[in-house]
$ cat input.pdb   # PDB, C-alpha atoms and all ligand atoms
ATOM      1  CA  MET B   5       4.703 -25.435  -5.624
ATOM      2  CA  GLY B   6       5.414 -24.823  -9.305
ATOM      3  CA  VAL B   7       7.837 -22.328 -10.811
ATOM      4  CA  LYS B   8       6.880 -18.715 -10.207
ATOM      5  CA  HIS B   9       6.774 -16.448 -13.248
ATOM      6  CA  PHE B  10       6.205 -12.723 -13.692
ATOM      7  CA  ARG B  11       4.412 -12.575 -17.041
ATOM      8  CA  GLN B  12       2.074  -9.808 -15.886
ATOM      9  CA  VAL B  13       1.359  -7.954 -12.642
ATOM     10  CA  PHE B  14      -1.565 -10.289 -11.926
ATOM     11  CA  ASP B  15       0.907 -13.177 -11.524
ATOM     12  CA  LEU B  16       1.720 -11.783  -8.077
ATOM     13  CA  GLU B  17      -0.572 -11.489  -5.080
ATOM     14  CA  THR B  18      -1.031  -8.175  -3.284
ATOM     15  CA  SER B  19       1.133  -9.310  -0.354
ATOM     16  CA  GLU B  20       3.969 -10.340  -2.683
ATOM     17  CA  ILE B  21       3.910  -6.982  -4.486
ATOM     18  CA  GLU B  22       3.890  -5.097  -1.194
ATOM     19  CA  ALA B  23       6.830  -7.169   0.034
ATOM     20  CA  LEU B  24       8.728  -6.558  -3.224
ATOM     21  CA  LEU B  25       8.213  -2.811  -3.001
ATOM     22  CA  ALA B  26       9.412  -2.715   0.603
ATOM     23  CA  ARG B  27      12.376  -4.955  -0.194
ATOM     24  CA  SER B  28      13.394  -2.798  -3.191
ATOM     25  CA  ALA B  29      13.770   0.197  -0.899
ATOM     26  CA  VAL B  30      15.976  -1.852   1.471
ATOM     27  CA  LEU B  31      18.141  -3.089  -1.413
ATOM     28  CA  LYS B  32      18.471   0.472  -2.712
ATOM     29  CA  GLN B  33      19.755   1.548   0.696
ATOM     30  CA  HIS B  34      22.155  -1.429   0.836
ATOM     31  CA  ALA B  35      23.588  -0.370  -2.543
ATOM     32  CA  LYS B  36      24.017   3.233  -1.354
ATOM     33  CA  ASP B  37      25.733   1.992   1.830
ATOM     34  CA  GLY B  38      28.033  -0.317  -0.129
ATOM     35  CA  PHE B  39      26.677  -3.274   1.861
ATOM     36  CA  PRO B  40      27.999  -6.512   0.314
ATOM     37  CA  TYR B  41      25.177  -8.944  -0.451
ATOM     38  CA  ARG B  42      25.759 -11.723  -2.990
ATOM     39  CA  PRO B  43      22.940 -14.278  -2.725
ATOM     40  CA  ALA B  44      23.038 -15.050  -6.485
ATOM     41  CA  LEU B  45      26.642 -16.308  -6.489
ATOM     42  CA  GLY B  46      26.819 -19.159  -9.021
ATOM     43  CA  LYS B  47      23.429 -18.313 -10.570
ATOM     44  CA  SER B  48      22.882 -17.208 -14.160
ATOM     45  CA  LEU B  49      20.250 -14.881 -15.546
ATOM     46  CA  GLY B  50      19.428 -14.931 -19.265
ATOM     47  CA  LEU B  51      18.051 -11.953 -21.138
ATOM     48  CA  LEU B  52      16.326 -12.849 -24.410
ATOM     49  CA  PHE B  53      15.418  -9.647 -26.242
ATOM     50  CA  GLU B  54      13.593  -9.161 -29.547
ATOM     51  CA  LYS B  55      13.235  -5.372 -29.188
ATOM     52  CA  PRO B  56      15.768  -2.669 -28.278
ATOM     53  CA  SER B  57      16.297  -1.707 -24.645
ATOM     54  CA  THR B  58      18.519   0.600 -22.647
ATOM     55  CA  ARG B  59      17.023   0.650 -19.152
ATOM     56  CA  THR B  60      15.471  -2.783 -18.779
ATOM     57  CA  ARG B  61      18.497  -4.584 -20.167
ATOM     58  CA  ILE B  62      21.176  -2.688 -18.275
ATOM     59  CA  SER B  63      19.219  -2.462 -15.017
ATOM     60  CA  PHE B  64      18.697  -6.248 -14.992
ATOM     61  CA  GLU B  65      22.379  -6.772 -15.812
ATOM     62  CA  ALA B  66      23.452  -4.406 -13.020
ATOM     63  CA  ALA B  67      20.916  -5.933 -10.620
ATOM     64  CA  MET B  68      22.196  -9.480 -11.174
ATOM     65  CA  PHE B  69      25.785  -8.266 -10.925
ATOM     66  CA  GLN B  70      25.028  -6.552  -7.596
ATOM     67  CA  LEU B  71      23.458  -9.791  -6.322
ATOM     68  CA  GLY B  72      26.642 -11.657  -7.256
ATOM     69  CA  GLY B  73      25.291 -13.581 -10.260
ATOM     70  CA  ASN B  74      26.114 -13.873 -13.939
ATOM     71  CA  VAL B  75      24.196 -12.559 -16.973
ATOM     72  CA  THR B  76      23.928 -13.852 -20.536
ATOM     73  CA  PHE B  77      22.381 -11.456 -23.048
ATOM     74  CA  MET B  78      20.789 -13.039 -26.120
ATOM     75  CA  SER B  79      19.434 -11.140 -29.064
ATOM     76  CA  SER B  80      16.837 -13.354 -30.720
ATOM     77  CA  ARG B  81      18.629 -12.635 -34.030
ATOM     78  CA  ASP B  82      21.651 -14.618 -32.845
ATOM     79  CA  LEU B  83      19.839 -17.716 -31.629
ATOM     80  CA  GLN B  84      18.664 -20.714 -33.654
ATOM     81  CA  LEU B  85      15.176 -19.292 -33.032
ATOM     82  CA  LYS B  86      15.949 -17.069 -35.995
ATOM     83  CA  ARG B  87      16.338 -20.211 -38.146
ATOM     84  CA  GLY B  88      13.083 -21.705 -36.954
ATOM     85  CA  GLU B  89      13.971 -23.661 -33.807
ATOM     86  CA  PRO B  90      10.714 -23.859 -31.856
ATOM     87  CA  LEU B  91      10.228 -21.682 -28.812
ATOM     88  CA  LYS B  92       9.382 -24.691 -26.652
ATOM     89  CA  ASP B  93      12.724 -26.343 -27.532
ATOM     90  CA  THR B  94      14.627 -23.111 -26.899
ATOM     91  CA  ALA B  95      12.870 -22.748 -23.544
ATOM     92  CA  ARG B  96      13.775 -26.240 -22.355
ATOM     93  CA  VAL B  97      17.410 -25.934 -23.436
ATOM     94  CA  LEU B  98      17.915 -22.487 -21.877
ATOM     95  CA  ALA B  99      16.435 -23.772 -18.622
ATOM     96  CA  ARG B 100      19.262 -26.368 -18.416
ATOM     97  CA  TYR B 101      21.846 -23.547 -18.358
ATOM     98  CA  LEU B 102      20.105 -20.680 -16.629
ATOM     99  CA  ASP B 103      18.315 -19.991 -13.358
ATOM    100  CA  CYS B 104      15.972 -17.246 -14.567
ATOM    101  CA  LEU B 105      15.022 -15.703 -17.916
ATOM    102  CA  VAL B 106      13.914 -12.157 -18.793
ATOM    103  CA  VAL B 107      12.137 -11.849 -22.134
ATOM    104  CA  ARG B 108      11.410  -8.744 -24.198
ATOM    105  CA  THR B 109       9.214  -9.510 -27.162
ATOM    106  CA  PHE B 110       6.203  -8.544 -29.285
ATOM    107  CA  SER B 111       3.401 -11.000 -28.577
ATOM    108  CA  GLN B 112       2.511 -11.856 -24.991
ATOM    109  CA  SER B 113       2.067 -15.444 -26.213
ATOM    110  CA  VAL B 114       5.879 -15.718 -26.539
ATOM    111  CA  VAL B 115       6.296 -14.872 -22.846
ATOM    112  CA  ASP B 116       3.539 -17.312 -21.919
ATOM    113  CA  GLU B 117       4.946 -20.130 -24.061
ATOM    114  CA  LEU B 118       8.463 -19.693 -22.678
ATOM    115  CA  ALA B 119       7.018 -19.755 -19.166
ATOM    116  CA  GLU B 120       5.044 -22.888 -19.941
ATOM    117  CA  TRP B 121       8.072 -24.832 -21.168
ATOM    118  CA  SER B 122      11.076 -23.390 -19.375
ATOM    119  CA  GLY B 123      10.967 -24.809 -15.844
ATOM    120  CA  ILE B 124      12.749 -21.662 -14.587
ATOM    121  CA  PRO B 125      11.149 -18.324 -13.646
ATOM    122  CA  VAL B 126      10.306 -16.213 -16.696
ATOM    123  CA  ILE B 127      10.049 -12.444 -16.314
ATOM    124  CA  ASN B 128       8.298 -10.251 -18.855
ATOM    125  CA  GLY B 129      10.728  -7.442 -19.684
ATOM    126  CA  LEU B 130       8.058  -5.890 -21.964
ATOM    127  CA  SER B 131       5.617  -7.317 -24.452
ATOM    128  CA  ASP B 132       3.047  -5.553 -26.621
ATOM    129  CA  THR B 133       0.511  -6.141 -23.833
ATOM    130  CA  HIS B 134       2.373  -5.758 -20.539
ATOM    131  CA  HIS B 135       5.412  -4.096 -18.964
ATOM    132  CA  PRO B 136       4.998  -5.339 -15.404
ATOM    133  CA  CYS B 137       8.517  -4.583 -14.142
ATOM    134  CA  GLN B 138       8.071  -0.990 -15.269
ATOM    135  CA  ALA B 139       4.843  -0.462 -13.361
ATOM    136  CA  LEU B 140       6.311  -1.853 -10.139
ATOM    137  CA  SER B 141       9.464   0.264 -10.297
ATOM    138  CA  ASP B 142       7.338   3.320 -11.141
ATOM    139  CA  ILE B 143       5.251   2.605  -8.063
ATOM    140  CA  MET B 144       8.382   2.217  -5.959
ATOM    141  CA  THR B 145       9.285   5.746  -7.118
ATOM    142  CA  VAL B 146       5.836   7.112  -6.276
ATOM    143  CA  ILE B 147       6.030   5.667  -2.754
ATOM    144  CA  GLU B 148       9.535   7.105  -2.334
ATOM    145  CA  LYS B 149       8.379  10.574  -3.388
ATOM    146  CA  LYS B 150       4.817  10.690  -2.071
ATOM    147  CA  GLY B 151       4.273   8.023   0.583
ATOM    148  CA  ASP B 152       0.986   6.173   0.961
ATOM    149  CA  LEU B 153      -0.335   5.252  -2.478
ATOM    150  CA  LYS B 154      -3.908   4.986  -1.263
ATOM    151  CA  ALA B 155      -3.993   8.692  -0.373
ATOM    152  CA  LEU B 156      -2.954   9.791  -3.862
ATOM    153  CA  LYS B 157      -4.665  10.783  -7.073
ATOM    154  CA  ILE B 158      -2.696   9.171  -9.895
ATOM    155  CA  ALA B 159      -3.234  10.050 -13.549
ATOM    156  CA  TRP B 160      -2.128   8.305 -16.725
ATOM    157  CA  VAL B 161      -2.167  10.529 -19.823
ATOM    158  CA  GLY B 162      -1.750   9.114 -23.339
ATOM    159  CA  ASP B 163      -1.901   5.687 -24.940
ATOM    160  CA  GLY B 164      -3.740   2.783 -23.284
ATOM    161  CA  ASN B 165      -0.647   0.677 -23.963
ATOM    162  CA  ASN B 166       1.478  -2.050 -22.350
ATOM    163  CA  VAL B 167       2.690   0.185 -19.501
ATOM    164  CA  ALA B 168      -0.867   1.442 -18.896
ATOM    165  CA  HIS B 169      -2.085  -2.168 -18.715
ATOM    166  CA  SER B 170       0.480  -3.015 -16.050
ATOM    167  CA  TRP B 171      -0.453   0.119 -14.079
ATOM    168  CA  ILE B 172      -4.124  -0.889 -14.234
ATOM    169  CA  GLN B 173      -3.336  -4.324 -12.834
ATOM    170  CA  ALA B 174      -1.107  -2.780 -10.163
ATOM    171  CA  ALA B 175      -3.858  -0.338  -9.121
ATOM    172  CA  SER B 176      -6.213  -3.270  -8.814
ATOM    173  CA  ARG B 177      -3.816  -5.375  -6.734
ATOM    174  CA  LEU B 178      -2.585  -2.536  -4.481
ATOM    175  CA  GLY B 179      -5.926  -0.742  -4.048
ATOM    176  CA  PHE B 180      -5.043   2.751  -5.218
ATOM    177  CA  SER B 181      -7.157   4.892  -7.511
ATOM    178  CA  LEU B 182      -6.080   5.531 -11.060
ATOM    179  CA  THR B 183      -7.568   7.764 -13.760
ATOM    180  CA  LEU B 184      -6.504   7.214 -17.346
ATOM    181  CA  ALA B 185      -7.015   9.807 -20.072
ATOM    182  CA  CYS B 186      -6.702   8.210 -23.511
ATOM    183  CA  PRO B 187      -8.045   9.211 -26.912
ATOM    184  CA  GLU B 188     -11.009   7.328 -28.328
ATOM    185  CA  GLY B 189      -9.685   4.273 -30.159
ATOM    186  CA  TYR B 190      -6.580   4.065 -27.952
ATOM    187  CA  PHE B 191      -8.181   2.868 -24.749
ATOM    188  CA  PRO B 192      -6.618   0.043 -22.736
ATOM    189  CA  ASP B 193      -7.746  -3.472 -23.597
ATOM    190  CA  GLU B 194     -11.399  -3.773 -22.614
ATOM    191  CA  ASN B 195     -11.180  -7.245 -21.070
ATOM    192  CA  LEU B 196      -8.031  -6.456 -19.103
ATOM    193  CA  LEU B 197      -9.662  -3.297 -17.720
ATOM    194  CA  LYS B 198     -12.886  -5.111 -16.889
ATOM    195  CA  GLU B 199     -11.061  -7.897 -15.060
ATOM    196  CA  ALA B 200      -8.898  -5.433 -13.109
ATOM    197  CA  LYS B 201     -11.893  -3.318 -12.120
ATOM    198  CA  SER B 202     -13.899  -6.347 -11.046
ATOM    199  CA  VAL B 203     -11.402  -7.128  -8.249
ATOM    200  CA  ALA B 204     -10.225  -3.560  -7.513
ATOM    201  CA  ARG B 205     -10.741  -1.939  -4.120
ATOM    202  CA  SER B 206     -10.474   1.639  -5.458
ATOM    203  CA  PRO B 207     -11.769   3.248  -8.638
ATOM    204  CA  ILE B 208      -9.961   2.758 -11.925
ATOM    205  CA  GLU B 209     -11.448   5.321 -14.282
ATOM    206  CA  LEU B 210     -11.147   6.058 -17.958
ATOM    207  CA  THR B 211     -11.796   9.407 -19.636
ATOM    208  CA  THR B 212     -10.900  11.076 -22.921
ATOM    209  CA  ASP B 213     -10.203  14.376 -21.130
ATOM    210  CA  PRO B 214      -6.588  14.855 -19.951
ATOM    211  CA  ALA B 215      -7.538  17.934 -17.880
ATOM    212  CA  GLU B 216     -10.081  15.879 -15.936
ATOM    213  CA  ALA B 217      -7.564  13.114 -15.231
ATOM    214  CA  VAL B 218      -4.859  15.525 -14.112
ATOM    215  CA  SER B 219      -7.046  17.879 -12.074
ATOM    216  CA  GLY B 220      -5.825  17.778  -8.439
ATOM    217  CA  ALA B 221      -3.488  14.858  -9.196
ATOM    218  CA  ASP B 222      -0.414  13.978  -7.113
ATOM    219  CA  VAL B 223       1.189  11.945  -9.879
ATOM    220  CA  ILE B 224       1.088  12.366 -13.666
ATOM    221  CA  ASN B 225       2.434   9.516 -15.733
ATOM    222  CA  THR B 226       2.886   9.294 -19.479
ATOM    223  CA  ASP B 227       4.633   7.242 -22.156
ATOM    224  CA  VAL B 228       5.395   7.417 -25.872
ATOM    225  CA  TRP B 229       2.531   7.764 -28.328
ATOM    226  CA  THR B 230       4.037   5.146 -30.635
ATOM    227  CA  SER B 231       5.318   2.014 -28.955
ATOM    228  CA  MET B 232       7.920  -0.340 -30.397
ATOM    229  CA  GLY B 233       6.361  -2.270 -33.268
ATOM    230  CA  GLN B 234       3.849   0.498 -34.121
ATOM    231  CA  GLU B 235       6.260   2.661 -36.134
ATOM    232  CA  ASP B 236       4.019   2.572 -39.247
ATOM    233  CA  GLU B 237       1.265   4.339 -37.274
ATOM    234  CA  ALA B 238       3.500   7.137 -35.963
ATOM    235  CA  SER B 239       2.217  10.066 -38.017
ATOM    236  CA  GLY B 240      -1.476   9.220 -37.487
ATOM    237  CA  ARG B 241      -0.854   8.808 -33.790
ATOM    238  CA  ARG B 242       0.919  12.187 -33.532
ATOM    239  CA  ALA B 243      -2.238  13.920 -34.779
ATOM    240  CA  VAL B 244      -4.617  12.016 -32.480
ATOM    241  CA  PHE B 245      -2.467  12.353 -29.360
ATOM    242  CA  GLU B 246      -1.559  16.041 -29.657
ATOM    243  CA  PRO B 247      -4.128  17.160 -27.015
ATOM    244  CA  TYR B 248      -2.589  14.604 -24.612
ATOM    245  CA  GLN B 249       0.839  16.233 -24.394
ATOM    246  CA  VAL B 250       2.132  16.588 -20.822
ATOM    247  CA  ASN B 251       3.165  20.249 -20.871
ATOM    248  CA  ALA B 252       3.394  23.147 -18.422
ATOM    249  CA  GLU B 253      -0.218  24.124 -18.982
ATOM    250  CA  LEU B 254      -1.506  20.627 -18.270
ATOM    251  CA  ILE B 255       0.557  20.047 -15.135
ATOM    252  CA  LYS B 256      -0.691  23.360 -13.667
ATOM    253  CA  LYS B 257      -4.052  21.604 -13.240
ATOM    254  CA  ALA B 258      -2.456  19.059 -10.884
ATOM    255  CA  LYS B 259      -1.362  19.734  -7.287
ATOM    256  CA  PRO B 260       1.570  22.188  -7.174
ATOM    257  CA  ASP B 261       3.823  19.457  -5.770
ATOM    258  CA  ALA B 262       2.696  16.765  -8.220
ATOM    259  CA  VAL B 263       5.431  14.566  -9.654
ATOM    260  CA  VAL B 264       5.753  13.654 -13.315
ATOM    261  CA  LEU B 265       6.746  10.150 -14.384
ATOM    262  CA  HIS B 266       7.846   8.862 -17.770
ATOM    263  CA  CYS B 267       9.260   5.353 -18.200
ATOM    264  CA  LEU B 268      11.593   6.631 -20.986
ATOM    265  CA  PRO B 269      12.723   6.814 -23.716
ATOM    266  CA  ALA B 270      10.970  10.201 -24.036
ATOM    267  CA  HIS B 271      10.087  12.008 -27.237
ATOM    268  CA  ARG B 272      10.423  15.665 -26.301
ATOM    269  CA  GLY B 273       7.829  17.793 -28.067
ATOM    270  CA  GLU B 274       5.483  14.827 -28.451
ATOM    271  CA  GLU B 275       4.067  13.196 -25.306
ATOM    272  CA  ILE B 276       6.079  15.482 -22.987
ATOM    273  CA  THR B 277       7.771  18.864 -23.366
ATOM    274  CA  GLU B 278      11.449  19.497 -22.678
ATOM    275  CA  GLU B 279      10.367  22.013 -20.015
ATOM    276  CA  VAL B 280       8.392  19.415 -18.036
ATOM    277  CA  LEU B 281      10.833  16.532 -18.521
ATOM    278  CA  GLU B 282      13.749  18.647 -17.317
ATOM    279  CA  GLY B 283      11.656  20.628 -14.807
ATOM    280  CA  PRO B 284      11.529  20.402 -10.999
ATOM    281  CA  GLN B 285       8.500  18.114 -10.907
ATOM    282  CA  SER B 286      10.063  15.446 -13.107
ATOM    283  CA  VAL B 287      11.336  12.358 -11.247
ATOM    284  CA  VAL B 288      12.317  10.365 -14.325
ATOM    285  CA  TRP B 289      15.976   9.777 -13.425
ATOM    286  CA  ASP B 290      15.133   8.356 -10.006
ATOM    287  CA  GLN B 291      12.419   6.351 -11.719
ATOM    288  CA  ALA B 292      14.986   4.895 -14.140
ATOM    289  CA  GLU B 293      17.379   4.060 -11.275
ATOM    290  CA  ASN B 294      14.644   2.336  -9.315
ATOM    291  CA  LYS B 295      14.187  -0.223 -12.080
ATOM    292  CA  MET B 296      17.506  -1.724 -10.961
ATOM    293  CA  HIS B 297      16.525  -1.950  -7.287
ATOM    294  CA  LEU B 298      13.086  -3.356  -8.054
ATOM    295  CA  HIS B 299      14.700  -5.925 -10.343
ATOM    296  CA  LYS B 300      17.017  -7.063  -7.526
ATOM    297  CA  ALA B 301      14.010  -7.667  -5.284
ATOM    298  CA  LEU B 302      12.160  -9.448  -8.093
ATOM    299  CA  LEU B 303      15.117 -11.736  -8.900
ATOM    300  CA  GLU B 304      15.540 -12.562  -5.220
ATOM    301  CA  HIS B 305      11.859 -13.399  -4.910
ATOM    302  CA  LEU B 306      11.456 -15.498  -8.057
ATOM    303  CA  MET B 307      14.733 -17.377  -7.631
ATOM    304  CA  GLY B 308      14.069 -17.946  -3.923
ATOM    305  CA  LEU B 309      17.277 -16.190  -2.883
ATOM    306  CA  TYR B 310      15.917 -14.187   0.020
ATOM    307  CA  SER B 311      15.777 -15.981   3.339
ATOM    308  CA  GLY B 312      14.574 -12.941   5.267
ATOM    309  CA  ILE B 313      18.100 -12.243   6.529
ATOM    310  CA  THR B 314      20.537  -9.908   4.763
TER     311      THR B 314
HETATM  312  N1  LIG B 401      11.559   1.980 -19.692
HETATM  313  C1  LIG B 401      12.107   0.997 -20.442
HETATM  314  O1  LIG B 401      11.665  -0.150 -20.428
HETATM  315  O2  LIG B 401      13.180   1.403 -21.166
HETATM  316  P1  LIG B 401      14.012   0.511 -22.205
HETATM  317  O3  LIG B 401      13.130   0.319 -23.422
HETATM  318  O4  LIG B 401      15.228   1.332 -22.484
HETATM  319  O5  LIG B 401      14.326  -0.797 -21.556
HETATM  320  N1  LIG B 402       5.222   1.651 -24.496
HETATM  321  C1  LIG B 402       6.612   1.678 -24.832
HETATM  322  C2  LIG B 402       7.433   1.474 -23.603
HETATM  323  C3  LIG B 402       8.917   1.545 -23.825
HETATM  324  C4  LIG B 402       9.704   1.283 -22.574
HETATM  325  C5  LIG B 402       6.928   0.635 -25.881
HETATM  326  O1  LIG B 402       6.386  -0.479 -25.789
HETATM  327  O2  LIG B 402       7.699   0.911 -26.801
END

$ encode --input "input.pdb" --output "structure tokens"
Amino acid sequence: MGVKHFRQVFDLETSEIEALLARSAVLKQHAKDGFPYRPALGKSLGLLFEKPSTRTRISFEAAMFQLGGNVTFMSSRDLQLKRGEPLKDTARVLARYLDCLVVRTFSQSVVDELAEWSGIPVINGLSDTHHPCQALSDIMTVIEKKGDLKALKIAWVGDGNNVAHSWIQAASRLGFSLTLACPEGYFPDENLLKEAKSVARSPIELTTDPAEAVSGADVINTDVWTSMGQEDEASGRRAVFEPYQVNAELIKKAKPDAVVLHCLPAHRGEEITEEVLEGPQSVVWDQAENKMHLHKALLEHLMGLYSGIT
């Protein structure tokens, strides 16, 4: 079998995702119990980042540390990539030193090219098109808070962006229903949505009406209106997205015990109000923590570290 990558959620089968989610919860408990588990001793993880990151970077670093391995962080600015060394050469050289590589970049083609040439597992730590690790750790949080995904109404409110794309693929793989409310012109990628819907076992719906998406929902999820790399569009986007703010009035339309997710960083007063972000229905801090536990399970899986015995 070839090297296993995680370039997008669709790289994993349903059974693998289910196993990862279950395993993340076990690894979270191990960490809370102080259970020593160091399967990555002697292994090195590289992080190659072209965009800023707080959570993804530090949670992968902490995850690898907890598994007993080493981490090398590389800003693309500091590598010979910056002076024109081809990606395919960089990929082959890094693979001689490292056991796994996490990439945060602009174009998805960079993730795909590194995966093609590297010979070690490549994980997408966010591209313009996908943020697969985020969707899986969000879903871990939803299961932790709400139980069976298939019994839930889950709403996405805002931009049809990278995180939304990964949620769409996850809904398709895991068979839960998802309603996205996005403004006209900011819908998720048409082909990605079509492909996900064609193999989905539950409805994945798109509307322009946030109230419709949120009505009776168990989970409300949102993200920034302007993603990294879109800074020039920020003021235009603020005007278009204003009706999509997750505020107290909007969340009243959901179930009274609905939880609110945001992958962070949050822009208070834009996509979410201070009141909701800091309110009792917000689960964003647990959501941020769970990135680390999900990443441990993902590293174990892709590097073949988990024998089924811990
Ligand atoms: N949620 C997330 O990916 O955050 P960072 O940009 O801080 O990594
Ligand atoms: N959609 C956001 C997610 C940040 C974690 C971005 O790409 O900037």

$ axis_aligned_box --input "input.pdb" --around "ligand LIG 402 (chain B)" --padding-each-side "8 Å" --output "lines of an AutoDock Vina configuration file"
center_x = 7.5
center_y = 0.6
center_z = -24.7
size_x = 20.5
size_y = 18.2
size_z = 20.2

$ closest_residue --input "input.pdb" --among "B:Val288, B:Val263, B:Leu130, B:Leu196" --to "ligand LIG 402 (chain B)" --atoms "all atoms listed in the file"
B:Leu130

$ atom_distance --input "input.pdb" --atom1 "atom CA of Pro125 of chain B" --atom2 "atom CA of Ala175 of chain B"
23.9 Å

$ residues_around --input "input.pdb" --residues "segment 291-308 of chain B" --least-positions-apart "2" --cutoff "7 Å" --atoms "only C-alpha atoms" --output "list in words"
Lys8, Leu24, Arg27, Ser28, Leu31, Lys32, Arg59, Ser63, Phe64, Ala66, Ala67, Met68, Pro125, Gln138, Ser141, Asp142, Thr145, Val287, Val288, Trp289 and Tyr310 of chain B

$ closest_atom_pairs --input "input.pdb" --of "chain B" --to "ligand LIG 402 (chain B)" --cutoff "10 Å" --atoms "all atoms listed in the file" --output "CSV"
residue,atom,partner,partner_atom,distance
B:Lys55,CA,B:LIG402,O2,8.7
B:Pro56,CA,B:LIG402,O2,9.0
B:Ser57,CA,B:LIG402,C4,7.5
B:Thr58,CA,B:LIG402,C4,8.8
B:Arg59,CA,B:LIG402,C4,8.1
B:Thr60,CA,B:LIG402,C4,8.0
B:Arg108,CA,B:LIG402,O1,9.8
B:Thr109,CA,B:LIG402,O1,9.6
B:Phe110,CA,B:LIG402,O1,8.8
B:Gly129,CA,B:LIG402,C4,9.2
B:Leu130,CA,B:LIG402,O1,6.8
B:Ser131,CA,B:LIG402,O1,7.0
B:Asp132,CA,B:LIG402,O1,6.1
B:Thr133,CA,B:LIG402,O1,8.4
B:His134,CA,B:LIG402,O1,8.5
B:His135,CA,B:LIG402,C2,7.5
B:Gln138,CA,B:LIG402,C4,7.8
B:Asp163,CA,B:LIG402,N1,8.2
B:Gly164,CA,B:LIG402,N1,9.1
B:Asn165,CA,B:LIG402,N1,6.0
B:Asn166,CA,B:LIG402,N1,5.7
B:Val167,CA,B:LIG402,N1,5.8
B:Ala168,CA,B:LIG402,N1,8.3
B:Thr226,CA,B:LIG402,N1,9.4
B:Asp227,CA,B:LIG402,N1,6.1
B:Val228,CA,B:LIG402,N1,5.9
B:Trp229,CA,B:LIG402,N1,7.7
B:Thr230,CA,B:LIG402,O2,6.8
B:Ser231,CA,B:LIG402,O2,3.4
B:Met232,CA,B:LIG402,O2,3.8
B:Gly233,CA,B:LIG402,O2,7.3
B:Gln234,CA,B:LIG402,O2,8.3
B:Glu235,CA,B:LIG402,O2,9.6
B:His266,CA,B:LIG402,C4,9.2
B:Cys267,CA,B:LIG402,C4,6.0
B:Leu268,CA,B:LIG402,C4,5.9
B:Pro269,CA,B:LIG402,C4,6.4
B:Ala270,CA,B:LIG402,C3,8.9

$ resolve_selection --input "input.pdb" --expression "the PyMOL selection byres (((chain B and resi 12-20) around 6) and not hetatm)" --output "list in words"
Phe10, Arg11, Ile21, Glu22, Ala23, Pro136, Gln173, Arg177 and Leu178 of chain B

$ write_last_selection --input "input.pdb" --atoms "C-alpha atoms" --output "CSV table (one decimal), in the frame of the given file"
chain,number,residue,atom,x,y,z
B,10,PHE,CA,6.2,-12.7,-13.7
B,11,ARG,CA,4.4,-12.6,-17.0
B,21,ILE,CA,3.9,-7.0,-4.5
B,22,GLU,CA,3.9,-5.1,-1.2
B,23,ALA,CA,6.8,-7.2,0.0
B,136,PRO,CA,5.0,-5.3,-15.4
B,173,GLN,CA,-3.3,-4.3,-12.8
B,177,ARG,CA,-3.8,-5.4,-6.7
B,178,LEU,CA,-2.6,-2.5,-4.5

$ residues_around --input "input.pdb" --residues "Leu182 of chain B" --least-positions-apart "5" --cutoff "9 Å" --atoms "all atoms listed in the file" --output "NGL selection string"
:B and (156-160 or 171-172 or 175 or 206-210 or 217)

$ closest_residue --input "input.pdb" --among "B:Ala139, B:Leu83, B:Glu188, B:His34" --to "ligand LIG 401 (chain B)" --atoms "only C-alpha atoms and all ligand atoms"
B:Ala139

$ build_atoms --input "input.pdb" --residues "segment 258-264 of chain B" --atoms "N, CA, C and O atoms" --output "PDB file, keeping the file's coordinate frame"
ATOM      1  N   ALA B 258      -2.715  20.031 -11.963  1.00  0.00           N
ATOM      2  CA  ALA B 258      -2.456  19.059 -10.884  1.00  0.00           C
ATOM      3  C   ALA B 258      -2.082  19.822  -9.615  1.00  0.00           C
ATOM      4  O   ALA B 258      -2.008  21.052  -9.611  1.00  0.00           O
ATOM      5  N   LYS B 259      -1.832  19.082  -8.519  1.00  0.00           N
ATOM      6  CA  LYS B 259      -1.362  19.734  -7.287  1.00  0.00           C
ATOM      7  C   LYS B 259      -0.005  20.395  -7.574  1.00  0.00           C
ATOM      8  O   LYS B 259       0.779  19.876  -8.391  1.00  0.00           O
ATOM      9  N   PRO B 260       0.302  21.498  -6.891  1.00  0.00           N
ATOM     10  CA  PRO B 260       1.570  22.188  -7.174  1.00  0.00           C
ATOM     11  C   PRO B 260       2.795  21.310  -6.943  1.00  0.00           C
ATOM     12  O   PRO B 260       3.836  21.504  -7.581  1.00  0.00           O
ATOM     13  N   ASP B 261       2.665  20.329  -6.039  1.00  0.00           N
ATOM     14  CA  ASP B 261       3.823  19.457  -5.770  1.00  0.00           C
ATOM     15  C   ASP B 261       3.693  18.095  -6.475  1.00  0.00           C
ATOM     16  O   ASP B 261       4.349  17.124  -6.088  1.00  0.00           O
ATOM     17  N   ALA B 262       2.859  18.035  -7.486  1.00  0.00           N
ATOM     18  CA  ALA B 262       2.696  16.765  -8.220  1.00  0.00           C
ATOM     19  C   ALA B 262       4.024  16.354  -8.864  1.00  0.00           C
ATOM     20  O   ALA B 262       4.817  17.213  -9.261  1.00  0.00           O
ATOM     21  N   VAL B 263       4.228  15.047  -8.958  1.00  0.00           N
ATOM     22  CA  VAL B 263       5.431  14.566  -9.654  1.00  0.00           C
ATOM     23  C   VAL B 263       5.039  14.009 -11.021  1.00  0.00           C
ATOM     24  O   VAL B 263       3.925  13.510 -11.208  1.00  0.00           O
ATOM     25  N   VAL B 264       5.989  14.134 -11.952  1.00  0.00           N
ATOM     26  CA  VAL B 264       5.753  13.654 -13.315  1.00  0.00           C
ATOM     27  C   VAL B 264       6.651  12.452 -13.582  1.00  0.00           C
ATOM     28  O   VAL B 264       7.869  12.512 -13.361  1.00  0.00           O
TER      29      VAL B 264
END
